[in-house]
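Structure file run.txt; described as compact mmCIF, C-alpha atoms.
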# COMPACT_ATOMS: atom_id res chain seq x y z
CA MET U 23 0.00 0.00 0.00
CA LYS U 24 1.31 3.42 -0.93
CA PRO U 25 1.61 5.83 2.00
CA ARG U 26 -0.62 8.88 2.14
CA ALA U 27 1.99 11.07 3.81
CA VAL U 28 5.75 11.30 4.25
CA LEU U 29 7.37 12.76 7.37
CA PHE U 30 11.01 13.81 7.42
CA ASP U 31 13.61 14.60 10.02
CA LEU U 32 15.29 17.95 9.31
CA ASP U 33 19.01 18.04 10.14
CA GLY U 34 20.89 15.38 8.20
CA THR U 35 17.84 14.20 6.29
CA LEU U 36 16.34 17.14 4.41
CA ALA U 37 18.96 19.78 5.15
CA ASP U 38 22.71 19.94 5.57
CA THR U 39 22.93 22.24 8.60
CA ALA U 40 26.36 21.12 9.80
CA ALA U 41 28.36 24.17 8.72
CA ASP U 42 26.15 26.63 10.59
CA LEU U 43 26.07 24.53 13.77
CA CYS U 44 29.83 24.07 13.60
CA GLY U 45 30.23 27.80 13.03
CA ALA U 46 28.32 28.64 16.20
CA ALA U 47 30.48 26.31 18.27
CA ASN U 48 33.69 27.64 16.75
CA ARG U 49 32.72 31.26 17.33
CA MET U 50 32.36 30.40 21.00
CA ARG U 51 35.77 28.71 21.00
CA GLU U 52 37.40 31.68 19.30
CA ALA U 53 35.80 34.09 21.77
CA GLN U 54 37.59 32.14 24.49
CA GLY U 55 40.93 32.20 22.70
CA GLN U 56 40.75 28.70 21.27
CA ALA U 57 41.33 27.69 17.67
CA ALA U 58 38.41 26.65 15.48
CA LEU U 59 37.90 22.93 14.97
CA PRO U 60 37.35 21.39 11.52
CA LEU U 61 33.82 20.66 10.38
CA SER U 62 34.70 16.97 10.18
CA GLU U 63 34.91 16.76 13.98
CA PHE U 64 31.37 18.09 14.44
CA ARG U 65 29.58 16.60 11.44
CA PRO U 66 28.91 13.03 12.71
CA TRP U 67 27.18 14.42 15.80
CA VAL U 68 25.00 17.14 14.28
CA SER U 69 21.78 15.12 14.62
CA ARG U 70 22.34 15.02 18.38
CA GLY U 71 21.85 18.79 18.67
CA GLY U 72 23.45 21.70 20.48
CA ARG U 73 24.62 19.78 23.51
CA ALA U 74 26.58 17.43 21.28
CA MET U 75 28.17 20.40 19.52
CA LEU U 76 29.32 21.76 22.87
CA ASP U 77 30.61 18.34 23.89
CA ILE U 78 32.90 18.41 20.86
CA ALA U 79 33.86 22.08 21.18
CA PHE U 80 34.57 22.04 24.92
CA PRO U 81 35.54 18.50 26.01
CA ASP U 82 37.52 19.92 28.94
CA ARG U 83 34.40 21.43 30.52
CA SER U 84 32.04 19.53 32.79
CA ALA U 85 28.56 18.59 31.65
CA ALA U 86 27.17 21.19 34.06
CA GLN U 87 29.42 23.90 32.60
CA ARG U 88 28.42 23.02 29.05
CA GLU U 89 24.77 23.16 30.04
CA ILE U 90 25.29 26.73 31.24
CA MET U 91 26.86 27.52 27.86
CA LEU U 92 23.93 26.10 25.88
CA PRO U 93 21.79 29.30 25.73
CA GLU U 94 24.76 31.24 24.37
CA PHE U 95 25.34 28.56 21.74
CA LEU U 96 21.70 28.58 20.69
CA GLN U 97 21.64 32.38 20.43
CA ASN U 98 24.85 32.36 18.41
CA TYR U 99 23.43 29.73 16.10
CA ALA U 100 20.10 31.56 15.80
CA GLU U 101 21.91 34.63 14.46
CA HIS U 102 23.48 32.54 11.66
CA VAL U 103 20.91 29.77 11.37
CA ALA U 104 20.89 29.53 7.57
CA ASP U 105 24.11 31.19 6.42
CA GLN U 106 25.39 27.98 4.80
CA THR U 107 22.49 25.56 5.29
CA ARG U 108 21.16 23.95 2.13
CA LEU U 109 19.00 21.06 0.99
CA PHE U 110 20.89 17.87 0.28
CA ASP U 111 21.29 17.11 -3.42
CA GLY U 112 18.16 15.40 -4.70
CA ILE U 113 15.83 16.60 -1.94
CA ALA U 114 14.22 19.35 -4.03
CA GLU U 115 13.40 16.87 -6.79
CA LEU U 116 12.17 14.33 -4.25
CA LEU U 117 9.77 16.78 -2.61
CA SER U 118 8.44 17.86 -6.00
CA ALA U 119 7.77 14.23 -6.93
CA ILE U 120 5.96 13.63 -3.64
CA GLU U 121 3.79 16.69 -4.19
CA GLN U 122 3.07 15.77 -7.80
CA ALA U 123 1.88 12.36 -6.61
CA GLY U 124 -0.66 14.06 -4.35
CA LEU U 125 1.01 13.01 -1.10
CA ARG U 126 1.30 15.33 1.86
CA TRP U 127 4.59 15.70 3.65
CA GLY U 128 5.87 17.31 6.81
CA ILE U 129 8.82 17.71 9.15
CA VAL U 130 9.32 16.27 12.63
CA THR U 131 12.58 17.36 14.25
CA ASN U 132 14.10 17.60 17.71
CA LYS U 133 15.40 21.06 16.81
CA PRO U 134 13.68 23.78 18.89
CA ILE U 135 10.84 25.29 16.89
CA ALA U 136 12.37 28.79 17.16
CA LEU U 137 15.34 27.46 15.19
CA ALA U 138 13.58 24.93 12.97
CA GLY U 139 11.09 27.50 11.68
CA PRO U 140 13.71 29.92 10.32
CA VAL U 141 15.68 27.07 8.74
CA VAL U 142 12.60 25.73 6.98
CA ALA U 143 11.68 29.24 5.85
CA ALA U 144 15.18 29.94 4.52
CA LEU U 145 15.00 26.74 2.49
CA GLY U 146 11.70 27.85 0.95
CA LEU U 147 9.71 25.01 2.49
CA SER U 148 7.41 26.80 4.94
CA GLU U 149 4.46 27.02 2.57
CA ARG U 150 4.99 23.52 1.22
CA SER U 151 5.35 21.49 4.40
CA GLY U 152 2.01 20.34 5.75
CA VAL U 153 3.25 20.25 9.33
CA LEU U 154 6.33 21.25 11.32
CA ILE U 155 6.86 19.75 14.77
CA GLY U 156 9.89 20.96 16.74
CA GLY U 157 11.64 19.42 19.69
CA ASP U 158 9.82 21.72 22.11
CA SER U 159 6.44 21.81 20.34
CA LEU U 160 5.08 19.08 22.62
CA PRO U 161 5.78 17.68 26.09
CA GLU U 162 7.79 14.84 24.50
CA ARG U 163 10.35 14.63 21.70
CA LYS U 164 11.87 11.79 19.72
CA PRO U 165 12.44 8.92 20.45
CA HIS U 166 9.00 9.29 22.05
CA PRO U 167 6.29 8.68 19.43
CA LEU U 168 4.17 11.72 20.37
CA PRO U 169 5.68 14.12 17.78
CA LEU U 170 5.02 11.66 14.95
CA LEU U 171 1.53 10.93 16.20
CA GLU U 172 0.75 14.64 16.39
CA ALA U 173 2.07 15.19 12.88
CA CYS U 174 -0.23 12.43 11.63
CA ARG U 175 -3.15 14.01 13.47
CA GLN U 176 -2.50 17.35 11.79
CA LEU U 177 -2.16 15.72 8.37
CA GLU U 178 -5.29 13.64 9.02
CA VAL U 179 -3.65 10.29 8.34
CA ALA U 180 -3.25 7.20 10.50
CA PRO U 181 0.32 6.37 11.58
CA HIS U 182 0.41 3.25 9.41
CA GLU U 183 -0.57 5.41 6.42
CA ALA U 184 2.54 7.56 6.81
CA ILE U 185 6.25 6.85 6.53
CA TYR U 186 9.07 8.49 8.49
CA VAL U 187 12.48 9.22 7.02
CA GLY U 188 15.47 9.99 9.25
CA ASP U 189 19.19 9.67 9.92
CA ASP U 190 19.33 8.80 13.62
CA ARG U 191 18.49 5.76 15.74
CA ARG U 192 15.97 7.90 17.63
CA ASP U 193 14.07 8.40 14.38
CA VAL U 194 13.66 4.64 14.00
CA GLU U 195 12.70 4.19 17.64
CA ALA U 196 10.08 6.95 17.45
CA ALA U 197 8.55 5.53 14.28
CA ARG U 198 8.46 2.02 15.68
CA ALA U 199 6.73 3.25 18.83
CA ALA U 200 4.21 5.16 16.69
CA GLY U 201 3.43 2.13 14.52
CA MET U 202 4.84 3.84 11.44
CA PRO U 203 7.07 2.42 8.68
CA VAL U 204 10.53 3.98 8.76
CA VAL U 205 13.36 4.55 6.30
CA GLY U 206 16.94 5.27 7.38
CA VAL U 207 19.15 7.47 5.20
CA ARG U 208 22.84 6.85 4.68
CA TRP U 209 23.70 10.45 3.66
CA GLY U 210 22.95 11.85 7.11
CA TYR U 211 25.08 12.58 10.16
CA LEU U 212 25.76 9.01 11.20
CA PRO U 213 27.60 8.89 14.55
CA PRO U 214 30.52 6.46 14.84
CA GLY U 215 29.94 3.31 16.82
CA ASP U 216 26.23 3.09 16.01
CA PRO U 217 25.93 1.49 12.55
CA ILE U 218 22.74 2.35 10.71
CA ASP U 219 22.29 -1.30 9.75
CA SER U 220 21.63 -2.11 13.42
CA TRP U 221 18.77 0.38 13.90
CA GLY U 222 16.01 -1.85 12.59
CA ALA U 223 14.66 0.46 9.87
CA ASP U 224 12.34 -1.06 7.29
CA ARG U 225 14.56 0.21 4.49
CA LEU U 226 17.90 1.97 4.13
CA ILE U 227 18.53 4.28 1.20
CA ASN U 228 21.72 5.79 -0.17
CA ALA U 229 20.35 8.94 -1.83
CA PRO U 230 17.14 11.01 -1.63
CA LEU U 231 15.71 9.86 -4.95
CA ASP U 232 15.98 6.23 -3.81
CA LEU U 233 12.91 7.00 -1.69
CA LEU U 234 10.76 7.15 -4.82
CA ALA U 235 11.03 3.39 -5.25
CA VAL U 236 10.13 2.84 -1.60
CA LEU U 237 7.08 5.08 -2.04
CA GLN U 238 6.24 3.35 -5.33
CA LEU U 239 6.30 6.70 -7.11
CA MET U 240 7.68 5.38 -10.34
CA ARG U 241 9.03 7.92 -12.79
CA SER U 242 9.22 7.50 -16.56
CA GLU U 243 12.87 6.44 -16.34
CA PRO U 244 13.85 3.38 -14.25
CA PRO U 245 14.00 4.41 -10.58
CA VAL U 246 17.04 3.84 -8.42
CA ALA U 247 16.35 0.76 -6.32
CA ALA U 248 16.36 1.17 -2.56
CA SER U 249 18.76 -0.99 -0.58
CA LEU U 250 17.19 -3.31 1.92
CA GLY U 251 17.97 -2.75 5.57

Take the structure in this file and express it as structure tokens.
Amino acid sequence: MKPRAVLFDLDGTLADTAADLCGAANRMREAQGQAALPLSEFRPWVSRGGRAMLDIAFPDRSAAQREIMLPEFLQNYAEHVADQTRLFDGIAELLSAIEQAGLRWGIVTNKPIALAGPVVAALGLSERSGVLIGGDSLPERKPHPLPLLEACRQLEVAPHEAIYVGDDRRDVEAARAAGMPVVGVRWGYLPPGDPIDSWGADRLINAPLDLLAVLQLMRSEPPVAASLG
């Protein structure tokens, strides 16, 4: 059965936000007289949010100290939230194909809504996305199923009629708990030591347009086959 709706994670799934998150952390380092770190050190952890960025930027600080630094990081990031952020290659075409097929789509992210909203707007997706749920939109966030269930409620589809697409184990756990099929993406910010093959996703895909085969949205040319998870 073809799904009636597609829900996406934001960071690492729809959008490459790593450079702007890394930039916020490095500006804080430089303000304290420390050299900037390369993007490659931050990138695998981007899906884990601001706290993870501070863990990388300030490993010599205690968890309590980094927690105190979090508001400054978020403010710094908010001021540069979409300087370098872009859609991953193939996402624009994928979203167009989904819309042309008459499916609704939306975004469920753990990013605070005050940050997620401007990112989505800068990418030109605000008027196209049927729903946007942030990490603080509800009392619970992923891996709890509530954000996915609320997104389905707003899109007026049952959880089993939707599919969730994400790049983190929490995405799979949330979808499983919601009773929703789930696809893991290999182009995202995959943290070391937690192989995507072990997450239990229904499918794993290597590139955005691979999702068309999973959704059974066949194009005139042969679609790229999705890899089984």

Q | Long-range neighbours of Leu43 of chain U as a PyMOL selection string, 10 Å cut-off, only C-alpha atoms, 2 positions minimum in chain | A | chain U and resi 38-41+45-48+61+64-65+68+71-72+75+95-96+98-100+102-104+106-107

Considering all atoms listed in the file, tabulate each residue of segment 89-145 of chain U that lies at most 6 Å from segment 150-156 of chain U along with its nearest interatomic pair and the corresponding distance in Å to one decimal; arrange the rows by chain and ascending residue number and present them as JSON lines.
{"residue": "U:Trp127", "atom": "CA", "partner": "U:Gly152", "partner_atom": "CA", "distance": 5.7}
{"residue": "U:Gly128", "atom": "CA", "partner": "U:Val153", "partner_atom": "CA", "distance": 4.7}
{"residue": "U:Ile129", "atom": "CA", "partner": "U:Leu154", "partner_atom": "CA", "distance": 4.8}
{"residue": "U:Val130", "atom": "CA", "partner": "U:Ile155", "partner_atom": "CA", "distance": 4.8}
{"residue": "U:Thr131", "atom": "CA", "partner": "U:Gly156", "partner_atom": "CA", "distance": 5.1}
{"residue": "U:Asn132", "atom": "CA", "partner": "U:Gly156", "partner_atom": "CA", "distance": 5.5}
{"residue": "U:Lys133", "atom": "CA", "partner": "U:Gly156", "partner_atom": "CA", "distance": 5.5}
{"residue": "U:Pro134", "atom": "CA", "partner": "U:Gly156", "partner_atom": "CA", "distance": 5.2}
{"residue": "U:Ile135", "atom": "CA", "partner": "U:Gly156", "partner_atom": "CA", "distance": 4.4}

File dump, residues just selected, C-alpha atoms, as a CSV table (one decimal), keeping the file's coordinate frame:
chain,number,residue,atom,x,y,z
U,127,TRP,CA,4.6,15.7,3.6
U,128,GLY,CA,5.9,17.3,6.8
U,129,ILE,CA,8.8,17.7,9.2
U,130,VAL,CA,9.3,16.3,12.6
U,131,THR,CA,12.6,17.4,14.2
U,132,ASN,CA,14.1,17.6,17.7
U,133,LYS,CA,15.4,21.1,16.8
U,134,PRO,CA,13.7,23.8,18.9
U,135,ILE,CA,10.8,25.3,16.9

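Nearest-residue note for Asp190 of chain U: choosing from U:Ala223, U:Ala74, U:Ala138, U:Cys44, the minimum distance belongs to U:Ala223, counting all atoms listed in the file.
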
Q.
My list of candidates is U:Val142, U:Leu233, U:Leu32, U:Ile218. Which is closest to Gly157 of chain U when distances are computed with only C-alpha atoms?
A.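 That would be U:Leu32, the residue with the smallest distance to Gly157 of chain U.
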
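Atom CA of Leu212 of chain U sits 27.9 Å away from atom CA of Arg26 of chain U.
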
Q: Just give me the gap between atom CA of Gln54 of chain U and atom CA of Ala86 of chain U in Å, one decimal is fine.
A: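 Interatomic distance, atom CA of Gln54 of chain U to atom CA of Ala86 of chain U: 17.9 Å.
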
Q) What separation in Å, quoted to one decimal, exists between atom CA of Pro181 of chain U and atom CA of Gly139 of chain U? A)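 Between these atoms lies a distance of 23.7 Å.
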
For the point (17.6, 8.3, 10.3) in file coordinates, what residues are within 6 Å, counting all atoms listed in the file? Give the answer as a short mmCIF file (atom, residue, chain, number, x, y, z; two decimals) with C-alpha atoms, keeping the file's coordinate frame?
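Writing done, so here's result_31.cif:
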data_model
loop_
_atom_site.label_atom_id
_atom_site.label_comp_id
_atom_site.auth_asym_id
_atom_site.auth_seq_id
_atom_site.Cartn_x
_atom_site.Cartn_y
_atom_site.Cartn_z
CA GLY U 188 15.47 9.99 9.25
CA ASP U 189 19.19 9.67 9.92
CA ASP U 190 19.33 8.80 13.62
CA ASP U 193 14.07 8.40 14.38
CA GLY U 206 16.94 5.27 7.38
CA VAL U 207 19.15 7.47 5.20
#

**Q.** Given all atoms listed in the file as the counted atoms, nearest of U:Trp221, U:Tyr211, U:Trp67, U:Tyr186 to Pro25 of chain U
**A.** U:Tyr186

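With distances taken over all atoms listed in the file, U:Arg51 is the one residue among U:Arg191, U:Pro93, U:Pro203, U:Arg51 lying closest to Pro81 of chain U.
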
Q: Can you work out which one of U:Arg175, U:Arg208, U:Arg225, U:Lys24 has the shortest atom-to-atom distance to Ile120 of chain U, counting all atoms listed in the file?
A: U:Lys24

Could you give me the axis-aligned bounding box of segment 56-68 of chain U, with 4 Å of padding per side, as centre plus edge lengths in Å to one decimal, as AutoDock Vina command-line options?
--center_x 33.2 --center_y 20.9 --center_z 15.7 --size_x 24.3 --size_y 23.7 --size_z 19.1

Q.
Just checking: using only C-alpha atoms, which residue out of U:Ala123, U:Asp31, U:Asp42, U:Gly112 ends up closest to Pro165 of chain U?
A.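 Nearest to Pro165 of chain U: U:Asp31.
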
Q: Anything within 12 Å of (9.6, 18.9, -4.1): list those residues as a PyMOL selection string, counting all atoms listed in the file and sticking to the file's coordinates.
A: chain U and resi 28+36+109+111-128+145-147+149-151+230-231+234

Output segment 205-219 of chain U with N, CA and C atoms present, as a PDB file, in the coordinates of the input.
ATOM      1  N   VAL U 205      12.242   4.677   7.227  1.00  0.00           N
ATOM      2  CA  VAL U 205      13.360   4.550   6.300  1.00  0.00           C
ATOM      3  C   VAL U 205      14.563   5.294   6.888  1.00  0.00           C
ATOM      4  N   GLY U 206      15.710   4.627   6.939  1.00  0.00           N
ATOM      5  CA  GLY U 206      16.940   5.270   7.380  1.00  0.00           C
ATOM      6  C   GLY U 206      17.754   5.738   6.188  1.00  0.00           C
ATOM      7  N   VAL U 207      18.401   6.899   6.317  1.00  0.00           N
ATOM      8  CA  VAL U 207      19.150   7.470   5.200  1.00  0.00           C
ATOM      9  C   VAL U 207      20.652   7.432   5.495  1.00  0.00           C
ATOM     10  N   ARG U 208      21.402   7.014   4.501  1.00  0.00           N
ATOM     11  CA  ARG U 208      22.840   6.850   4.680  1.00  0.00           C
ATOM     12  C   ARG U 208      23.622   8.148   4.443  1.00  0.00           C
ATOM     13  N   TRP U 209      22.965   9.198   3.922  1.00  0.00           N
ATOM     14  CA  TRP U 209      23.700  10.450   3.660  1.00  0.00           C
ATOM     15  C   TRP U 209      23.709  11.369   4.877  1.00  0.00           C
ATOM     16  N   GLY U 210      23.090  10.967   5.964  1.00  0.00           N
ATOM     17  CA  GLY U 210      22.950  11.850   7.110  1.00  0.00           C
ATOM     18  C   GLY U 210      24.176  11.880   8.006  1.00  0.00           C
ATOM     19  N   TYR U 211      23.987  12.421   9.199  1.00  0.00           N
ATOM     20  CA  TYR U 211      25.080  12.580  10.160  1.00  0.00           C
ATOM     21  C   TYR U 211      25.144  11.333  11.026  1.00  0.00           C
ATOM     22  N   LEU U 212      25.761  10.300  10.524  1.00  0.00           N
ATOM     23  CA  LEU U 212      25.760   9.010  11.200  1.00  0.00           C
ATOM     24  C   LEU U 212      26.893   8.963  12.224  1.00  0.00           C
ATOM     25  N   PRO U 213      26.562   8.879  13.526  1.00  0.00           N
ATOM     26  CA  PRO U 213      27.600   8.890  14.550  1.00  0.00           C
ATOM     27  C   PRO U 213      28.405   7.596  14.536  1.00  0.00           C
ATOM     28  N   PRO U 214      29.707   7.675  14.795  1.00  0.00           N
ATOM     29  CA  PRO U 214      30.520   6.460  14.840  1.00  0.00           C
ATOM     30  C   PRO U 214      30.092   5.559  15.985  1.00  0.00           C
ATOM     31  N   GLY U 215      30.259   4.268  15.775  1.00  0.00           N
ATOM     32  CA  GLY U 215      29.940   3.310  16.820  1.00  0.00           C
ATOM     33  C   GLY U 215      28.484   2.929  16.910  1.00  0.00           C
ATOM     34  N   ASP U 216      27.652   3.434  16.007  1.00  0.00           N
ATOM     35  CA  ASP U 216      26.230   3.090  16.010  1.00  0.00           C
ATOM     36  C   ASP U 216      25.789   2.860  14.560  1.00  0.00           C
ATOM     37  N   PRO U 217      26.180   1.726  13.980  1.00  0.00           N
ATOM     38  CA  PRO U 217      25.930   1.490  12.550  1.00  0.00           C
ATOM     39  C   PRO U 217      24.450   1.515  12.205  1.00  0.00           C
ATOM     40  N   ILE U 218      24.128   2.194  11.127  1.00  0.00           N
ATOM     41  CA  ILE U 218      22.740   2.350  10.710  1.00  0.00           C
ATOM     42  C   ILE U 218      22.071   1.008  10.439  1.00  0.00           C
ATOM     43  N   ASP U 219      22.860   0.013  10.038  1.00  0.00           N
ATOM     44  CA  ASP U 219      22.290  -1.300   9.750  1.00  0.00           C
ATOM     45  C   ASP U 219      21.705  -1.966  10.994  1.00  0.00           C
TER      46      ASP U 219
END
